Amino acid sequence: MSGLAVELNGASVTYETRGGPVHAMRDVTLEVRPGETVGVAGESGSGKSTLAKALLGLTPLSSGTAHVLGEPVRYLKSGSSALVEQARRIQMVFQDSYTSLNPRLSPVSTVAEAARVCQGLGRREATEHALELLSAVGFASMHTRAAMATLSGGQRQRVSIARALAADPRVLVADEPTSSLDQSIAASLLNLLRRIQRERGLSIIFITHDLGIVEYLADRVFIMKDGSVVETGPTAAIFERPETDYTRRLIDAMPRLGATR
Amino acid sequence: MSDARTPSNERPYDAAPPWIPRDDGILSVTDLRVDIARGTRVTTVIDGATFGLAEGGALGIVGESGSGKSMLSRTIVGTISRYGGVVRSGSVRLFGRETAHYRDRDWRAIRGREVAFVPQSSMAGLNPVLTVGTQLDEVLRTEGLTPQQRRARAIELLELVQIARAPRVVDEMPSQLSGGMRQRVVIATALARNPRLLVLDEPTTALDVTVQAEILRLIGELRSTLGMAILLTSHDLAVVEQVCDDVMTMYAGSVVEIGSSDRLVAGASHPYTRALLSSRVEGTPPGQDIVTIPGEPPTAGHWPSGCRFRTRCPLAIDACAVGRQPELRVLGGGGSACIRTGEAS
């Protein structure tokens, strides 16, 4: 056992398309320690979302290895018991809560379902646990049985986080979880993720094109371009002394107040 | 980063602020109220917007979802009726004409030629089954040009928005272009008939940061080469501040603050603008919580009495709940819709 929360070793993902193979992720090596926050940043098409899918076992590796808590990540059919085991190690929060949440389930049923499947809780226990988790993520108690479509984007994203926590994972992958939210709402979600991490000792992999969030949140950064990691290091070092032109361009492009003066 | 806001420093020091509505301005909005009708339900989406824009000026509108900023830009370009909207009261003077109650046929004479619109999604601005050239050609047909002249002008417009391979791109389909290239094409289409006012609604929101930076630089450069005025909405203060001389903040359908971009960065007055500034992740030291605004913005139809920000405002007092949304008070070169503006802070 390496003691690492997440380990990718020479991992590649290739999709076969009619136009030939597409190398979505190339030879990526990445380690995440327990309790650490790692930022993965790059433009669209850089492979950062593919990296998330590979860690969750949602897409097969074409070469290399992926481990979470020392266990190999497997590409599994939904409903299998091995998939549930995997889900208890690593969970994901997606950007688009409209498509990642079932519109027919209430917030409490959404979270309870995850607690039932992943932790084997009975129906009543699962509901109680779901209510606790929704309260812990700051979800308004009066909306726990509301229709998903009536909730704001920020409230839905809290449901997504509570659902992820219902599996009691050790690793949370957040793929642009705040990029479709208003600034004031995004800020409170970032505070929430930091608090959850402190309280639960989670490892967080935060995937974003927003380097401002990475600079604030991440201990270490992986910069991706065309499927490869082009630069990695401690956050402060990367922002102070970027080694590649690509990273420098990303940093320079960040909208900063007062930058025009 | 290069300064996209080139003409900014030429304003005479003692001149009246350009955002005060004036008869000789290209745009003067006063006491605007806009309602949206859906079936029998009527919801007010803008109530309390007064501002002006001078020839060649650049005004940014910042606000979160539901603030009314997109509804406002649609009202100004005359497309609000497509969303069930109608100007209930107040005035929108565009190039000296009162357009508040214009019909579609009235708009046809000025839209594109005097005021042009760039929507958020470049896919909404382009027809996916027509080549870039065909789409530009459709706009240029009204200009009395021959087909050869139109094609030449289409290529010229693509070069104006700094598309490198313009003679080839003109024959390509939107799907062959990147998101940034598509947004450039949308801007080229908007510029086809030499508008004097370009209204851009969140033009870079769907783009990567690097592409966003390029598009913002382009907008600033087009403004100085073409001399047109710019009205740009964004949820990001830093985006607006980069391109615009003046910025106004909208909250729950009303303008709560307006002033120069420099003043905004140096010290905003309205508690909402201040809260927006302090809830930026940039500038918050790692390891510290971001200062957030409690709760969520109220949706249209559910605005509180009095000041609409008071339910989330750290400075709210009992008097804030009384009456209507406060009007803008002009103080120290800026306007702020807060009854506590001017108190010692």
# chains A, B, ... in the order shown; residues from 1 in each chain; ligands from 1

$ closest_atom_pairs --of "segment 116-225 of chain B" --to "segment 93-98 of chain B" --cutoff "12 Å" --atoms "only C-alpha atoms" --output "tab-separated table"
residue	atom	partner	partner_atom	distance
B:Pro195	CA	B:Phe95	CA	11.4
B:Arg196	CA	B:Phe95	CA	9.2
B:Leu197	CA	B:Leu94	CA	9.4

$ write_last_selection --atoms "N, CA, C and O atoms" --output "short mmCIF file (atom, residue, chain, number, x, y, z; two decimals), in the first residue's frame"
data_model
loop_
_atom_site.label_atom_id
_atom_site.label_comp_id
_atom_site.auth_asym_id
_atom_site.auth_seq_id
_atom_site.Cartn_x
_atom_site.Cartn_y
_atom_site.Cartn_z
N PRO B 195 -23.08 49.63 -36.96
CA PRO B 195 -23.91 50.20 -35.90
C PRO B 195 -23.13 51.21 -35.08
O PRO B 195 -21.90 51.14 -34.99
N ARG B 196 -23.86 52.14 -34.45
CA ARG B 196 -23.20 53.12 -33.58
C ARG B 196 -23.21 52.63 -32.13
O ARG B 196 -22.53 53.20 -31.28
N LEU B 197 -24.04 51.63 -31.87
CA LEU B 197 -24.08 51.05 -30.53
C LEU B 197 -24.09 49.53 -30.65
O LEU B 197 -24.91 48.96 -31.37
#

$ residues_around --residues "Pro17 of chain B" --least-positions-apart "2" --cutoff "8 Å" --atoms "only C-alpha atoms" --output "ChimeraX atom specification"
/B:15,19-20,259,333

$ write_last_selection --atoms "N, CA, C and O atoms" --output "PDB file, in the first residue's frame"
ATOM      1  N   ALA B  15     -16.252  67.276 -16.555  1.00  0.00           N
ATOM      2  CA  ALA B  15     -17.485  67.050 -17.304  1.00  0.00           C
ATOM      3  C   ALA B  15     -18.484  66.271 -16.450  1.00  0.00           C
ATOM      4  O   ALA B  15     -18.112  65.569 -15.522  1.00  0.00           O
ATOM      5  N   TRP B  19     -22.822  58.759 -17.585  1.00  0.00           N
ATOM      6  CA  TRP B  19     -23.941  57.846 -17.356  1.00  0.00           C
ATOM      7  C   TRP B  19     -25.204  58.560 -16.911  1.00  0.00           C
ATOM      8  O   TRP B  19     -26.223  57.946 -16.644  1.00  0.00           O
ATOM      9  N   ILE B  20     -25.149  59.901 -16.812  1.00  0.00           N
ATOM     10  CA  ILE B  20     -26.361  60.675 -16.544  1.00  0.00           C
ATOM     11  C   ILE B  20     -27.149  60.743 -17.852  1.00  0.00           C
ATOM     12  O   ILE B  20     -26.580  61.074 -18.885  1.00  0.00           O
ATOM     13  N   GLY B 259     -21.150  54.246 -11.871  1.00  0.00           N
ATOM     14  CA  GLY B 259     -20.003  55.138 -11.730  1.00  0.00           C
ATOM     15  C   GLY B 259     -18.867  54.667 -12.616  1.00  0.00           C
ATOM     16  O   GLY B 259     -18.999  53.680 -13.345  1.00  0.00           O
ATOM     17  N   GLY B 333     -19.322  61.637  -7.514  1.00  0.00           N
ATOM     18  CA  GLY B 333     -19.051  61.176  -8.869  1.00  0.00           C
ATOM     19  C   GLY B 333     -19.702  59.859  -9.223  1.00  0.00           C
ATOM     20  O   GLY B 333     -19.570  59.369 -10.324  1.00  0.00           O
TER      21      GLY B 333
END

$ residues_around --residues "Val42 of chain B" --least-positions-apart "3" --cutoff "12 Å" --atoms "only C-alpha atoms" --output "list in words"
Val34, Asp35, Ile36, Ala37, Arg38, Gly39, Val45, Gly84, Gly85, Val86, Arg88, Ala300 and Gly301 of chain B

$ select_by_dssp --residues "segment 8-228 of chain A" --states "alpha helix (DSSP H)" --output "ChimeraX atom specification"
/A:48-56,81-89,97-100,107-119,123-136,153-166,183-200,211-217

$ interface_residues --of "chain B" --to "chain A" --cutoff "6 Å" --atoms "only C-alpha atoms" --output "ChimeraX atom specification"
/B:3,64,208-210,213,238-239,282,286,289,292-293

$ write_last_selection --atoms "N, CA and C atoms" --output "mmCIF file, in the first residue's frame"
data_model
loop_
_atom_site.group_PDB
_atom_site.id
_atom_site.type_symbol
_atom_site.label_atom_id
_atom_site.label_comp_id
_atom_site.auth_asym_id
_atom_site.auth_seq_id
_atom_site.Cartn_x
_atom_site.Cartn_y
_atom_site.Cartn_z
ATOM 1 N N ASP B 3 -4.310 46.970 -22.219
ATOM 2 C CA ASP B 3 -5.452 47.763 -21.794
ATOM 3 C C ASP B 3 -6.479 47.823 -22.909
ATOM 4 N N GLU B 64 -26.174 39.410 -11.067
ATOM 5 C CA GLU B 64 -26.306 37.962 -11.016
ATOM 6 C C GLU B 64 -27.570 37.548 -11.764
ATOM 7 N N ASP B 208 -13.481 29.659 -22.844
ATOM 8 C CA ASP B 208 -12.312 29.476 -21.981
ATOM 9 C C ASP B 208 -11.693 30.826 -21.632
ATOM 10 N N VAL B 209 -10.989 30.885 -20.487
ATOM 11 C CA VAL B 209 -10.416 32.171 -20.061
ATOM 12 C C VAL B 209 -9.482 32.777 -21.099
ATOM 13 N N THR B 210 -8.680 31.962 -21.750
ATOM 14 C CA THR B 210 -7.734 32.508 -22.725
ATOM 15 C C THR B 210 -8.489 33.106 -23.923
ATOM 16 N N ALA B 213 -10.165 36.352 -22.881
ATOM 17 C CA ALA B 213 -9.233 37.485 -22.866
ATOM 18 C C ALA B 213 -9.048 38.038 -24.280
ATOM 19 N N ALA B 238 -14.831 41.962 -13.080
ATOM 20 C CA ALA B 238 -13.501 42.153 -13.671
ATOM 21 C C ALA B 238 -13.582 42.188 -15.191
ATOM 22 N N VAL B 239 -14.512 41.430 -15.772
ATOM 23 C CA VAL B 239 -14.684 41.424 -17.227
ATOM 24 C C VAL B 239 -15.171 42.786 -17.704
ATOM 25 N N GLU B 282 -10.658 35.572 -6.086
ATOM 26 C CA GLU B 282 -9.381 36.255 -6.307
ATOM 27 C C GLU B 282 -9.244 37.324 -5.226
ATOM 28 N N PRO B 286 -5.610 32.048 0.491
ATOM 29 C CA PRO B 286 -5.881 30.615 0.675
ATOM 30 C C PRO B 286 -5.992 30.298 2.165
ATOM 31 N N ASP B 289 -11.942 31.673 4.699
ATOM 32 C CA ASP B 289 -13.238 31.616 4.041
ATOM 33 C C ASP B 289 -13.438 32.847 3.167
ATOM 34 N N THR B 292 -19.025 35.823 1.998
ATOM 35 C CA THR B 292 -20.148 35.570 1.098
ATOM 36 C C THR B 292 -21.321 36.484 1.424
ATOM 37 N N ILE B 293 -22.279 36.517 0.491
ATOM 38 C CA ILE B 293 -23.515 37.255 0.704
ATOM 39 C C ILE B 293 -24.535 36.219 1.170
#

$ atom_distance --atom1 "atom CA of Gln242 of chain B" --atom2 "atom CA of Ser261 of chain B"
8.3 Å

$ residues_around --residues "Gly112 of chain B" --least-positions-apart "6" --cutoff "12 Å" --atoms "only C-alpha atoms" --output "ChimeraX atom specification"
/B:77-78,118,136,138-140,142-143,187-199

$ residues_around --residues "segment 5-17 of chain A" --least-positions-apart "5" --cutoff "6 Å" --atoms "only C-alpha atoms" --output "PyMOL selection string"
chain A and resi 22-34+61-69

$ write_last_selection --atoms "N, CA and C atoms" --output "PDB file, in the first residue's frame"
ATOM      1  N   VAL A  22      -9.159   9.141 -30.947  1.00  0.00           N
ATOM      2  CA  VAL A  22      -8.973  10.446 -30.309  1.00  0.00           C
ATOM      3  C   VAL A  22      -8.283  10.208 -28.972  1.00  0.00           C
ATOM      4  N   HIS A  23      -7.112  10.822 -28.792  1.00  0.00           N
ATOM      5  CA  HIS A  23      -6.358  10.629 -27.554  1.00  0.00           C
ATOM      6  C   HIS A  23      -6.796  11.684 -26.543  1.00  0.00           C
ATOM      7  N   ALA A  24      -7.814  11.328 -25.738  1.00  0.00           N
ATOM      8  CA  ALA A  24      -8.403  12.301 -24.815  1.00  0.00           C
ATOM      9  C   ALA A  24      -7.494  12.543 -23.618  1.00  0.00           C
ATOM     10  N   MET A  25      -6.713  11.533 -23.237  1.00  0.00           N
ATOM     11  CA  MET A  25      -5.784  11.677 -22.120  1.00  0.00           C
ATOM     12  C   MET A  25      -4.541  10.869 -22.455  1.00  0.00           C
ATOM     13  N   ARG A  26      -3.374  11.492 -22.295  1.00  0.00           N
ATOM     14  CA  ARG A  26      -2.132  10.841 -22.715  1.00  0.00           C
ATOM     15  C   ARG A  26      -1.152  10.748 -21.559  1.00  0.00           C
ATOM     16  N   ASP A  27      -0.839   9.543 -21.177  1.00  0.00           N
ATOM     17  CA  ASP A  27       0.292   9.281 -20.299  1.00  0.00           C
ATOM     18  C   ASP A  27       0.307  10.191 -19.060  1.00  0.00           C
ATOM     19  N   VAL A  28      -0.825  10.209 -18.351  1.00  0.00           N
ATOM     20  CA  VAL A  28      -0.938  11.105 -17.193  1.00  0.00           C
ATOM     21  C   VAL A  28      -0.514  10.379 -15.920  1.00  0.00           C
ATOM     22  N   THR A  29       0.405  10.978 -15.182  1.00  0.00           N
ATOM     23  CA  THR A  29       0.824  10.461 -13.885  1.00  0.00           C
ATOM     24  C   THR A  29       0.490  11.515 -12.837  1.00  0.00           C
ATOM     25  N   LEU A  30      -0.233  11.083 -11.808  1.00  0.00           N
ATOM     26  CA  LEU A  30      -0.738  12.043 -10.816  1.00  0.00           C
ATOM     27  C   LEU A  30      -0.920  11.321  -9.491  1.00  0.00           C
ATOM     28  N   GLU A  31      -0.512  11.955  -8.416  1.00  0.00           N
ATOM     29  CA  GLU A  31      -0.697  11.392  -7.082  1.00  0.00           C
ATOM     30  C   GLU A  31      -1.415  12.400  -6.207  1.00  0.00           C
ATOM     31  N   VAL A  32      -2.362  11.916  -5.427  1.00  0.00           N
ATOM     32  CA  VAL A  32      -3.061  12.779  -4.481  1.00  0.00           C
ATOM     33  C   VAL A  32      -2.969  12.147  -3.101  1.00  0.00           C
ATOM     34  N   ARG A  33      -2.476  12.912  -2.140  1.00  0.00           N
ATOM     35  CA  ARG A  33      -2.324  12.395  -0.775  1.00  0.00           C
ATOM     36  C   ARG A  33      -3.635  12.539  -0.004  1.00  0.00           C
ATOM     37  N   PRO A  34      -3.802  11.768   1.049  1.00  0.00           N
ATOM     38  CA  PRO A  34      -5.026  11.904   1.853  1.00  0.00           C
ATOM     39  C   PRO A  34      -5.161  13.330   2.393  1.00  0.00           C
ATOM     40  N   LEU A  61      -9.318   2.814 -19.254  1.00  0.00           N
ATOM     41  CA  LEU A  61      -7.991   3.271 -19.663  1.00  0.00           C
ATOM     42  C   LEU A  61      -7.532   2.442 -20.855  1.00  0.00           C
ATOM     43  N   SER A  62      -6.880   3.084 -21.806  1.00  0.00           N
ATOM     44  CA  SER A  62      -6.303   2.315 -22.915  1.00  0.00           C
ATOM     45  C   SER A  62      -4.892   1.844 -22.559  1.00  0.00           C
ATOM     46  N   SER A  63      -4.243   2.545 -21.630  1.00  0.00           N
ATOM     47  CA  SER A  63      -2.975   2.050 -21.081  1.00  0.00           C
ATOM     48  C   SER A  63      -2.724   2.740 -19.749  1.00  0.00           C
ATOM     49  N   GLY A  64      -1.793   2.195 -18.961  1.00  0.00           N
ATOM     50  CA  GLY A  64      -1.495   2.761 -17.652  1.00  0.00           C
ATOM     51  C   GLY A  64      -2.438   2.233 -16.580  1.00  0.00           C
ATOM     52  N   THR A  65      -2.271   2.762 -15.361  1.00  0.00           N
ATOM     53  CA  THR A  65      -3.089   2.279 -14.247  1.00  0.00           C
ATOM     54  C   THR A  65      -3.689   3.438 -13.466  1.00  0.00           C
ATOM     55  N   ALA A  66      -4.820   3.134 -12.803  1.00  0.00           N
ATOM     56  CA  ALA A  66      -5.465   4.096 -11.904  1.00  0.00           C
ATOM     57  C   ALA A  66      -5.797   3.378 -10.608  1.00  0.00           C
ATOM     58  N   HIS A  67      -5.385   3.953  -9.469  1.00  0.00           N
ATOM     59  CA  HIS A  67      -5.713   3.388  -8.165  1.00  0.00           C
ATOM     60  C   HIS A  67      -6.364   4.447  -7.290  1.00  0.00           C
ATOM     61  N   VAL A  68      -7.367   4.034  -6.523  1.00  0.00           N
ATOM     62  CA  VAL A  68      -7.961   4.893  -5.492  1.00  0.00           C
ATOM     63  C   VAL A  68      -7.880   4.139  -4.180  1.00  0.00           C
ATOM     64  N   LEU A  69      -7.259   4.729  -3.166  1.00  0.00           N
ATOM     65  CA  LEU A  69      -7.011   4.084  -1.869  1.00  0.00           C
ATOM     66  C   LEU A  69      -6.321   2.733  -2.071  1.00  0.00           C
TER      67      LEU A  69
END

$ select_by_dssp --residues "segment 7-194 of chain B" --states "strand (DSSP E)" --output "MDAnalysis selection string"
chainID B and resid 27:38 41:53 58:62 85:94 97:98 115:118

$ residues_around --residues "Thr244 of chain A" --least-positions-apart "4" --cutoff "8 Å" --atoms "only C-alpha atoms" --output "PyMOL selection string"
chain A and resi 230-231+248

$ residues_around --residues "segment 102-113 of chain A" --least-positions-apart "5" --cutoff "12 Å" --atoms "only C-alpha atoms" --output "number ranges by chain"
A: 96-97, 118-135, 137, 139-151, 155-168

$ write_last_selection --atoms "C-alpha atoms" --output "CSV table (one decimal), in the first residue's frame"
chain,number,residue,atom,x,y,z
A,96,ASP,CA,-24.5,20.4,-14.6
A,97,SER,CA,-26.9,19.6,-11.8
A,118,CYS,CA,-23.6,2.7,-0.8
A,119,GLN,CA,-23.9,2.2,2.9
A,120,GLY,CA,-26.6,-0.4,3.0
A,121,LEU,CA,-28.8,1.6,5.3
A,122,GLY,CA,-32.5,0.7,5.7
A,123,ARG,CA,-35.1,3.0,4.3
A,124,ARG,CA,-35.8,4.9,7.5
A,125,GLU,CA,-32.1,5.2,8.5
A,126,ALA,CA,-31.2,6.4,5.0
A,127,THR,CA,-33.9,9.1,5.1
A,128,GLU,CA,-32.7,10.3,8.5
A,129,HIS,CA,-29.1,10.3,7.3
A,130,ALA,CA,-30.1,12.2,4.2
A,131,LEU,CA,-31.8,14.9,6.2
A,132,GLU,CA,-28.6,15.2,8.3
A,133,LEU,CA,-26.4,15.5,5.3
A,134,LEU,CA,-28.7,18.1,3.6
A,135,SER,CA,-28.6,20.2,6.7
A,137,VAL,CA,-24.4,21.2,3.4
A,139,PHE,CA,-29.6,23.0,2.1
A,140,ALA,CA,-32.8,24.8,3.2
A,141,SER,CA,-34.9,22.3,5.3
A,142,MET,CA,-38.2,23.5,3.8
A,143,HIS,CA,-37.2,22.3,0.4
A,144,THR,CA,-36.1,18.7,1.2
A,145,ARG,CA,-39.2,17.3,-0.5
A,146,ALA,CA,-39.5,19.9,-3.2
A,147,ALA,CA,-39.5,19.1,-6.9
A,148,MET,CA,-35.9,19.3,-8.2
A,149,ALA,CA,-36.9,21.6,-11.0
A,150,THR,CA,-38.1,24.3,-8.5
A,151,LEU,CA,-34.7,24.5,-6.9
A,155,GLN,CA,-29.5,24.5,-4.0
A,156,ARG,CA,-29.3,21.7,-6.5
A,157,GLN,CA,-25.5,21.7,-6.3
A,158,ARG,CA,-25.8,21.3,-2.5
A,159,VAL,CA,-28.0,18.2,-3.2
A,160,SER,CA,-25.3,16.9,-5.4
A,161,ILE,CA,-22.7,17.4,-2.7
A,162,ALA,CA,-24.9,15.7,-0.1
A,163,ARG,CA,-25.5,12.8,-2.4
A,164,ALA,CA,-21.8,12.4,-2.9
A,165,LEU,CA,-21.2,12.5,0.8
A,166,ALA,CA,-23.9,9.9,1.4
A,167,ALA,CA,-21.5,7.3,0.1
A,168,ASP,CA,-19.0,8.4,2.8

$ closest_residue --among "B:Thr205, B:Ser91, B:Gln288, B:Ser81" --to "Thr233 of chain B" --atoms "only C-alpha atoms"
B:Thr205

$ closest_residue --among "B:Glu172, B:Ala166, B:Gly179, B:Asp104" --to "Met123 of chain B" --atoms "only C-alpha atoms"
B:Gly179

$ closest_residue --among "B:Val281, B:Val256, B:Leu160, B:Val330" --to "Asp47 of chain B" --atoms "only C-alpha atoms"
B:Val256

$ closest_residue --among "B:Gly60, B:Gly334, B:Pro21, B:Pro128" --to "Ala266 of chain B" --atoms "only C-alpha atoms"
B:Gly334

$ decode --residues "segment 180-264 of chain B" --atoms "C-alpha atoms" --output "PDB file, in the first residue's frame"
ATOM      1  CA  GLY B 180     -13.938  31.718 -29.961  1.00  0.00           C
ATOM      2  CA  MET B 181     -13.993  31.868 -33.780  1.00  0.00           C
ATOM      3  CA  ARG B 182     -17.785  31.513 -33.773  1.00  0.00           C
ATOM      4  CA  GLN B 183     -18.116  34.404 -31.353  1.00  0.00           C
ATOM      5  CA  ARG B 184     -15.887  36.489 -33.659  1.00  0.00           C
ATOM      6  CA  VAL B 185     -18.214  35.636 -36.564  1.00  0.00           C
ATOM      7  CA  VAL B 186     -21.245  36.711 -34.503  1.00  0.00           C
ATOM      8  CA  ILE B 187     -19.500  40.004 -33.750  1.00  0.00           C
ATOM      9  CA  ALA B 188     -18.658  40.432 -37.467  1.00  0.00           C
ATOM     10  CA  THR B 189     -22.334  39.896 -38.330  1.00  0.00           C
ATOM     11  CA  ALA B 190     -23.343  42.516 -35.764  1.00  0.00           C
ATOM     12  CA  LEU B 191     -20.829  44.980 -37.253  1.00  0.00           C
ATOM     13  CA  ALA B 192     -21.951  44.393 -40.859  1.00  0.00           C
ATOM     14  CA  ARG B 193     -24.107  47.507 -41.074  1.00  0.00           C
ATOM     15  CA  ASN B 194     -21.839  49.819 -39.065  1.00  0.00           C
ATOM     16  CA  PRO B 195     -23.914  50.195 -35.897  1.00  0.00           C
ATOM     17  CA  ARG B 196     -23.201  53.115 -33.578  1.00  0.00           C
ATOM     18  CA  LEU B 197     -24.084  51.048 -30.528  1.00  0.00           C
ATOM     19  CA  LEU B 198     -23.079  47.439 -29.967  1.00  0.00           C
ATOM     20  CA  VAL B 199     -24.930  45.621 -27.169  1.00  0.00           C
ATOM     21  CA  LEU B 200     -23.192  42.464 -25.953  1.00  0.00           C
ATOM     22  CA  ASP B 201     -24.953  40.165 -23.480  1.00  0.00           C
ATOM     23  CA  GLU B 202     -22.421  38.001 -21.602  1.00  0.00           C
ATOM     24  CA  PRO B 203     -20.362  37.622 -24.797  1.00  0.00           C
ATOM     25  CA  THR B 204     -17.583  35.572 -23.209  1.00  0.00           C
ATOM     26  CA  THR B 205     -19.382  33.514 -20.581  1.00  0.00           C
ATOM     27  CA  ALA B 206     -19.276  30.222 -22.461  1.00  0.00           C
ATOM     28  CA  LEU B 207     -15.617  30.611 -23.472  1.00  0.00           C
ATOM     29  CA  ASP B 208     -12.312  29.476 -21.981  1.00  0.00           C
ATOM     30  CA  VAL B 209     -10.416  32.171 -20.061  1.00  0.00           C
ATOM     31  CA  THR B 210      -7.734  32.508 -22.725  1.00  0.00           C
ATOM     32  CA  VAL B 211     -10.356  32.916 -25.466  1.00  0.00           C
ATOM     33  CA  GLN B 212     -12.314  35.293 -23.245  1.00  0.00           C
ATOM     34  CA  ALA B 213      -9.233  37.485 -22.866  1.00  0.00           C
ATOM     35  CA  GLU B 214      -8.802  37.595 -26.670  1.00  0.00           C
ATOM     36  CA  ILE B 215     -12.455  38.485 -27.298  1.00  0.00           C
ATOM     37  CA  LEU B 216     -12.399  41.237 -24.648  1.00  0.00           C
ATOM     38  CA  ARG B 217      -9.250  42.689 -26.218  1.00  0.00           C
ATOM     39  CA  LEU B 218     -10.956  42.546 -29.630  1.00  0.00           C
ATOM     40  CA  ILE B 219     -14.042  44.381 -28.324  1.00  0.00           C
ATOM     41  CA  GLY B 220     -11.834  47.139 -26.892  1.00  0.00           C
ATOM     42  CA  GLU B 221      -9.893  47.467 -30.146  1.00  0.00           C
ATOM     43  CA  LEU B 222     -13.046  47.524 -32.307  1.00  0.00           C
ATOM     44  CA  ARG B 223     -14.419  50.250 -30.104  1.00  0.00           C
ATOM     45  CA  SER B 224     -11.425  52.487 -30.642  1.00  0.00           C
ATOM     46  CA  THR B 225     -11.074  51.796 -34.393  1.00  0.00           C
ATOM     47  CA  LEU B 226     -14.790  52.086 -35.203  1.00  0.00           C
ATOM     48  CA  GLY B 227     -15.723  54.688 -32.588  1.00  0.00           C
ATOM     49  CA  MET B 228     -18.932  52.894 -31.676  1.00  0.00           C
ATOM     50  CA  ALA B 229     -20.471  52.799 -28.214  1.00  0.00           C
ATOM     51  CA  ILE B 230     -20.527  49.597 -26.194  1.00  0.00           C
ATOM     52  CA  LEU B 231     -23.034  48.239 -23.718  1.00  0.00           C
ATOM     53  CA  LEU B 232     -21.755  45.001 -22.216  1.00  0.00           C
ATOM     54  CA  THR B 233     -23.330  42.772 -19.582  1.00  0.00           C
ATOM     55  CA  SER B 234     -21.478  40.246 -17.473  1.00  0.00           C
ATOM     56  CA  HIS B 235     -21.793  38.488 -14.141  1.00  0.00           C
ATOM     57  CA  ASP B 236     -18.085  39.232 -13.639  1.00  0.00           C
ATOM     58  CA  LEU B 237     -17.062  42.697 -12.465  1.00  0.00           C
ATOM     59  CA  ALA B 238     -13.501  42.153 -13.671  1.00  0.00           C
ATOM     60  CA  VAL B 239     -14.684  41.424 -17.227  1.00  0.00           C
ATOM     61  CA  VAL B 240     -16.787  44.568 -17.395  1.00  0.00           C
ATOM     62  CA  GLU B 241     -14.174  46.734 -15.736  1.00  0.00           C
ATOM     63  CA  GLN B 242     -11.613  45.652 -18.298  1.00  0.00           C
ATOM     64  CA  VAL B 243     -13.599  46.901 -21.301  1.00  0.00           C
ATOM     65  CA  CYS B 244     -15.855  49.672 -19.992  1.00  0.00           C
ATOM     66  CA  ASP B 245     -15.280  53.250 -18.785  1.00  0.00           C
ATOM     67  CA  ASP B 246     -18.334  53.073 -16.567  1.00  0.00           C
ATOM     68  CA  VAL B 247     -20.049  50.254 -14.742  1.00  0.00           C
ATOM     69  CA  MET B 248     -23.502  49.854 -13.319  1.00  0.00           C
ATOM     70  CA  THR B 249     -24.606  47.190 -10.887  1.00  0.00           C
ATOM     71  CA  MET B 250     -28.088  45.696 -11.132  1.00  0.00           C
ATOM     72  CA  TYR B 251     -29.900  43.831  -8.404  1.00  0.00           C
ATOM     73  CA  ALA B 252     -33.461  42.498  -8.499  1.00  0.00           C
ATOM     74  CA  GLY B 253     -34.455  44.508 -11.554  1.00  0.00           C
ATOM     75  CA  SER B 254     -33.021  47.861 -10.560  1.00  0.00           C
ATOM     76  CA  VAL B 255     -29.811  49.801 -11.005  1.00  0.00           C
ATOM     77  CA  VAL B 256     -28.270  50.025  -7.544  1.00  0.00           C
ATOM     78  CA  GLU B 257     -24.958  51.648  -8.404  1.00  0.00           C
ATOM     79  CA  ILE B 258     -23.338  53.431 -11.323  1.00  0.00           C
ATOM     80  CA  GLY B 259     -20.003  55.138 -11.730  1.00  0.00           C
ATOM     81  CA  SER B 260     -16.628  54.986 -13.402  1.00  0.00           C
ATOM     82  CA  SER B 261     -14.746  51.686 -13.508  1.00  0.00           C
ATOM     83  CA  ASP B 262     -11.850  53.271 -11.651  1.00  0.00           C
ATOM     84  CA  ARG B 263     -14.143  54.385  -8.866  1.00  0.00           C
ATOM     85  CA  LEU B 264     -15.640  50.901  -8.663  1.00  0.00           C
TER      86      LEU B 264
END
